[in-house]
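**Q** The following block contains the structure, expressed as C-alpha cells.
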Amino acid sequence: MEEFLNKEEREKLPRKCLILAHCLGNAIEDGDFRAVRSAYTDSDPALLPGRDRFGFNSLAAAIDTAISLCRSIDPDRNMVLAILLSPLFRSGALTGEAVEKTWGADVARMVGGLAKVGTLYSKAAAVESDNFRKLLLTFAQDIRVIIIMIVDRLTLMRAINHHPAEKLVRETANEANYLYAQLAHRLGLYAIKSELEDMSLKYSNREMYSRIARELNETKVRRDAYIADFIAPLKAKLEAEGLRFEIKGRTKSIFSIWNKLKKQHNTIEEIFDLFAIRIVIDCPPEREKAECWLAYSIVTDMYRPNPSRMKDWVSIPKSNGYESLHITVYGPAERWVEVQIRTRRMDVIAEKGLAAHWRYKGIKSENGLDTWMNNVRDILEAAETGPMELMRNFKMDVYSHEVFVFTPKGDLYKLPQGATVLDFAFHIHSRVGTQCVGGKVNGRNRKLNYRLASGDTVEILTSPRQEPSRDWLSIVVTSKAKTKIRAVLKEHENRTAELGKELLQRRFANRKIELDEATMSRTITRMGYRDAIAFNSAVGADEIDVNDVVECYLACLEKQQKAEEGGERVSASTYVMPQVADETVDTDKTSDVVVIGDDIKGINYRLAKCCNPIYGDPVFGFISAEGVIKIHRDDCPNAAHIRQRYGYRIIRTRWSGQNGTQFPATLRVVGKDDIGIVTNITSIINKEKSVSLRSISIDSHDGLFAGVLVVGISDVASLNRLIKKIETIKGVKNVQRDK
C-alpha cells in the first residue's frame, strides 16, 4: 500500500475520506469503509491498480469521483462502493464473486458494468462515431453506470487543468464534449453538461475561453444588476394585469456564447440573447393564447422589439409540438434581451414532451431513446425516496434489438440483433460480402454464420474465388445482404443458362436435329424443371448431361409422332363427324365459336396449344389420331409440317359470327428495365374491358427486361389494339404475339 500511494497522496487521503463520509451521511453502512480499505490493503501488491494515463492514482481518483457524485447527483451507498471497488476489479485484485459476497449483488453488477464499458476505450478511433454512444448504452445494463461514468469524466476534467500532456488533455476534452456532455443533457444533468462544455472549450481553446470568461467576469455585477432592473418593472406590470407567472433571468454559458460568436461572427456585446428572460404563465388551457399574447403586448409596450427576431410558435406550433413566443427586445442601456413567453403546459411539453429539450437544441436522438430518457429524467427530478434508490432495478434495453461492432481500425457499425459475420461483410461493401469466406472475431477465426455481439471487433476474410450460394440466404438477416445475394445468384443463373442454351444448340446442330420449341418444352417438363432458365442453367452447370437431354428430346418427339400416326388414316372428305354428347369433353370449347366444314356447329374440337388461336385468326382444322379436331392458326409453327405430311387430314374451318368467350394469348414484351414500366403495362391491361391478365413473368438483365404476358382476350382486333397501346409506353421497345 505504501508503494501504491505516494507521500502527497497518503497525506491527502484521510481528509478526502472524511469529506466523502460527510457527504454520504447516513447513506453508508457501518463497516463499509473498513471493508473497502481491507480490500486494498489485503490485495496482492502486484495486482493493485496502477495509475491512469494522466498519472493519477486510481484510488484517489475514485474517491474524488465519489465525492462529486454525492455533491452533484445524490448520496448513494451502492454507487459509491462501485466507484471505489472498480479499480481493484479491473486490475484483477478483486473478483465479482468477492464483491457480491461482501457488498451485495447490486454493487457487483455495477462494478461489472463499469469494467465492461471501460473496455470501449481501447477502441479510441470510434469514440466520435454516433454509434459509440449507443454502444455505451447497450453495455451499461444499469443507468447508474452511465451516471457514474459522466461524474467520473467531470472529476477528471476538473483535475487536468494545466496538465503537461496537452495533446491528451485536448483529446479528453473533445470526448467529454461530444459524448458525456450530451449524455448529461439527455439525463437532465444540466449543471454537469454546462460545466463539461465549458471545460472542454477551456482545454481545447484556452485563449477564447479566457477572453469570454474575462469579459463576463468584468461585467458580472453590472450584468446581474441589469437583469434585475429589466425584470422588476416587467414583473410589476404583469402582476397589475392579474397574471399568475414565474419569471427568471440568466446569462448564457461560456460555451454557448462561443457557439454564438462562431455562428454570428459578432462580439459579445452584439449577441442578441446573451441575456434571456423566461416568463412561464399559470393559466387554464382555454386562456393560454390570450394570456401569452397579453404578456407579449406588455413586454413590447415596455421595450422596443426587433421584428426580425420574433418567433410565433403559439399560433402555429413547430412540427415537433414546441409552443412558445420568442421575442428579442431592446432593453435599458441599449442591450438586446431575449424573452420567451409560454404557459406551464407548454413549458412541460418543451422540456419533457414531444419537443424534448435536446431536440430543441438540435441534438440527434431517436424516439425510443427520447422517451426512455424522459422517464429517467422524471425519476431523477421527482423521486421522493431518492433518485438512485428508484434506479436500482431500472434496466437499459433501449438498443436490445441492435448490435454494435468494431472494425480493426476502430470504426463502429450498427447491425440488427442476430447479424452474422456475413451480414457485417455485406454491410461494409457488396464486393466484400460476395467474396467473404469467414472472419476473425476478437482475434479468433469464425465461420460465416457466427452471430455477432455488441463490442465485437470483426475482421473480414475474403477470397477472389469465393461465390455466393443459395445457402447464404439462410445465414444473413439484413435485407441488404439478402437482396445482393439474390441478385448475384440470379445473375449467375442467367449466365449459366445462356451457356447451357448454347451447349444444347451446338449439340443438336452437330446431330442434325431440328429443335422444336414445343417438343423441348415437353422435354423440360419431363426432366422435372419448372422453366427453361432453370433447365438451361442446370445444363450449363453440368448438372445434366447434354446427351441425356438429346435422348429425352428424341423420345418425346417419337412419342408425339406415334400418337399422330397411330390411328387409321382418314381423309378430310370421308371423315364422319362424331355425335356430340350432352356433356362437352373440352372446357376450351364454346358451342357457337367455330364452324367446321360445311357450316357444321357443335363439333367436338380443341384449340391447339402450340399456337393458341383466338377469334378472328385465319384457322384450319386438323383431325388428330384421337378423332378430335384441333384448330390451328394458319401461321402456326407446325402448320407447314402438318400440311406437308398430313394434308389429307386437314378440314376447312372458320369462326362463327358469334363470340362470347375469352381466348388465351401470349405476348412477349421487351424494353428498358425502368422503375414502373411493369406497373404501366398491367395498368393498361386492367383498363381494357375485354381483356384480363392471366399471368405475367418478368426477367431482367443488363438494363433490359423481357416479359411474357398471358392475357384472356375476345378477338384479334382487341389484341391488336392492346399491342399498340403497350407499344406507346415509355421504355417498351417491342411487343409481339407469341407464334
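Residue names in the C-alpha cells use chain letters A, B, ... in the order shown, residue numbers from 1 in each chain, and ligand numbers from 1 in the order shown.
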If we count only C-alpha atoms, what is near stretch 238-251 of chain A at a cut-off of 7 Å, once residues fewer than 4 positions away on the same chain are taken out, given as a list in words?

**A**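 The residues that qualify are Ile227, Leu234, Leu274, Phe275, Ala276, Ile277, Arg278, Ile279, Val280, Ile281, Asp282 and Ala295 of chain A.
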
**Q** Quick one: DSSP helix (DSSP H, G or I) residues in stretch 156-296 of chain A, as a PyMOL selection string?

**A** chain A and resi 156-159+166-186+190-204+206-218+220-240+254-264+268-270+285-296

**Q** DSSP on the backbone: what in stretch 652-715 of chain A comes out strand (DSSP E), as number ranges by chain?

**A** A: 653-655, 663-672, 691-701, 704-713

**Q** Show me, as a PDB file with N, CA and C atoms, in the first residue's frame, the residues that have an atom within 7 Å of stretch 68-80 of chain A when counting only C-alpha atoms, minus same-chain residues fewer than 6 positions from it.

**A**
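This went into around.pdb:
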ATOM      1  N   CYS A  23     -20.253  13.604   3.121  1.00  0.00           N
ATOM      2  CA  CYS A  23     -21.210  13.728   2.012  1.00  0.00           C
ATOM      3  C   CYS A  23     -22.227  12.591   2.027  1.00  0.00           C
ATOM      4  N   LEU A  24     -21.779  11.381   2.384  1.00  0.00           N
ATOM      5  CA  LEU A  24     -22.679  10.232   2.398  1.00  0.00           C
ATOM      6  C   LEU A  24     -23.639  10.264   3.572  1.00  0.00           C
ATOM      7  N   ALA A  27     -26.200   7.462   4.447  1.00  0.00           N
ATOM      8  CA  ALA A  27     -26.368   6.585   3.293  1.00  0.00           C
ATOM      9  C   ALA A  27     -25.405   5.402   3.317  1.00  0.00           C
ATOM     10  N   ILE A  28     -24.274   5.530   4.031  1.00  0.00           N
ATOM     11  CA  ILE A  28     -23.288   4.459   4.082  1.00  0.00           C
ATOM     12  C   ILE A  28     -23.545   3.579   5.285  1.00  0.00           C
ATOM     13  N   VAL A 107     -24.065  -4.057  -6.075  1.00  0.00           N
ATOM     14  CA  VAL A 107     -22.736  -3.450  -6.244  1.00  0.00           C
ATOM     15  C   VAL A 107     -21.929  -4.240  -7.269  1.00  0.00           C
ATOM     16  N   VAL A 151     -20.024  11.403 -14.139  1.00  0.00           N
ATOM     17  CA  VAL A 151     -19.406  12.091 -12.996  1.00  0.00           C
ATOM     18  C   VAL A 151     -17.907  11.846 -12.979  1.00  0.00           C
ATOM     19  N   THR A 155     -15.050  14.721 -12.973  1.00  0.00           N
ATOM     20  CA  THR A 155     -13.960  14.794 -11.996  1.00  0.00           C
ATOM     21  C   THR A 155     -12.605  14.851 -12.690  1.00  0.00           C
ATOM     22  N   MET A 388     -31.484   7.642  -6.839  1.00  0.00           N
ATOM     23  CA  MET A 388     -30.679   6.446  -7.064  1.00  0.00           C
ATOM     24  C   MET A 388     -31.350   5.197  -6.504  1.00  0.00           C
TER      25      MET A 388
END

**Q** Using only C-alpha atoms, which residues sit within 10 Å of A:Met520 once same-chain residues fewer than 2 positions away are excluded, as an MDAnalysis selection string?

**A** chainID A and resid 515:518 522:526 532 549:550 552:554 556:557

**Q** Given only C-alpha atoms as the basis, pick out the residue of A:Ile147, A:Pro416, A:Val458, A:Arg507 nearest to A:Lys193.

**A**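 Among the listed residues, the smallest separation from A:Lys193 belongs to A:Ile147.
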
**Q** For A:Asn205, list every protein, DNA or RNA residue within 12 Å, evaluated using only C-alpha atoms, and leave out those in the same chain fewer than 2 positions away; present the list as a VMD selection string.

**A** chain A and resid 166 169 to 170 173 to 174 197 to 203 207 to 212 254 to 255 258

**Q** With distances taken over only C-alpha atoms, which of A:Leu422, A:Leu168, A:Ile428, A:Ile475 is nearest to A:Phe54?

**A**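 Looking only at the distances to A:Phe54, the closest residue turns out to be A:Leu168.
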
**Q** If we count only C-alpha atoms and set the cut-off at 6 Å, which residues sit around A:Val403, ignoring sequence neighbours fewer than 2 positions away in its own chain? Please answer as a list in words.

**A**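 These residues fall inside the cut-off: Lys414, Leu415, Pro416, Gln417, Ala453 and Ser454 of chain A.
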
**Q** Let me see the file: selected residues, N, CA, C and O atoms, as a JSON list (two decimals), in the first residue's frame.

**A**
[["chain", "number", "residue", "atom", "x", "y", "z"],
["A", 414, "LYS", "N", -23.56, -0.32, -36.85],
["A", 414, "LYS", "CA", -24.78, -0.84, -36.21],
["A", 414, "LYS", "C", -25.40, -1.89, -37.12],
["A", 414, "LYS", "O", -25.57, -1.68, -38.31],
["A", 415, "LEU", "N", -25.79, -3.03, -36.52],
["A", 415, "LEU", "CA", -26.46, -4.11, -37.25],
["A", 415, "LEU", "C", -27.63, -4.60, -36.41],
["A", 415, "LEU", "O", -27.67, -4.40, -35.20],
["A", 416, "PRO", "N", -28.61, -5.27, -37.02],
["A", 416, "PRO", "CA", -29.73, -5.80, -36.23],
["A", 416, "PRO", "C", -29.28, -6.99, -35.38],
["A", 416, "PRO", "O", -28.29, -7.65, -35.67],
["A", 417, "GLN", "N", -30.03, -7.23, -34.30],
["A", 417, "GLN", "CA", -29.75, -8.37, -33.44],
["A", 417, "GLN", "C", -29.78, -9.66, -34.26],
["A", 417, "GLN", "O", -30.67, -9.86, -35.09],
["A", 453, "ALA", "N", -21.93, -10.05, -31.39],
["A", 453, "ALA", "CA", -22.42, -9.42, -30.16],
["A", 453, "ALA", "C", -21.85, -8.01, -30.07],
["A", 453, "ALA", "O", -20.79, -7.71, -30.65],
["A", 454, "SER", "N", -22.54, -7.13, -29.36],
["A", 454, "SER", "CA", -22.07, -5.75, -29.21],
["A", 454, "SER", "C", -20.66, -5.73, -28.63],
["A", 454, "SER", "O", -20.36, -6.43, -27.67]]

**Q** Applying 7 Å and only C-alpha atoms, which residues near stretch 323-334 of chain A remain after dropping the ones on its own chain fewer than 4 positions away? List them as a VMD selection string.

**A** chain A and resid 303 to 306 309 to 314 317 to 318 338 to 342 346

**Q** Restricting the output to C-alpha atoms, write the selected residues as a PDB file, in the first residue's frame.

**A**
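The resulting file, again.pdb, is shown below:
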ATOM      1  CA  TYR A 303     -39.328  47.547 -24.570  1.00  0.00           C
ATOM      2  CA  ARG A 304     -38.880  48.038 -28.316  1.00  0.00           C
ATOM      3  CA  PRO A 305     -38.930  44.650 -30.123  1.00  0.00           C
ATOM      4  CA  ASN A 306     -36.793  43.524 -33.023  1.00  0.00           C
ATOM      5  CA  ARG A 309     -36.266  38.141 -34.243  1.00  0.00           C
ATOM      6  CA  MET A 310     -39.931  37.435 -33.429  1.00  0.00           C
ATOM      7  CA  LYS A 311     -40.909  33.722 -33.406  1.00  0.00           C
ATOM      8  CA  ASP A 312     -44.608  32.803 -33.024  1.00  0.00           C
ATOM      9  CA  TRP A 313     -44.844  29.101 -32.186  1.00  0.00           C
ATOM     10  CA  VAL A 314     -48.050  29.598 -30.195  1.00  0.00           C
ATOM     11  CA  PRO A 317     -46.612  25.212 -33.155  1.00  0.00           C
ATOM     12  CA  LYS A 318     -43.495  23.539 -34.518  1.00  0.00           C
ATOM     13  CA  GLU A 338     -34.371  37.560 -25.480  1.00  0.00           C
ATOM     14  CA  VAL A 339     -37.770  36.974 -23.845  1.00  0.00           C
ATOM     15  CA  GLN A 340     -39.569  33.611 -24.037  1.00  0.00           C
ATOM     16  CA  ILE A 341     -43.276  33.533 -23.165  1.00  0.00           C
ATOM     17  CA  ARG A 342     -45.132  30.254 -22.632  1.00  0.00           C
ATOM     18  CA  MET A 346     -46.187  24.492 -22.982  1.00  0.00           C
TER      19      MET A 346
END
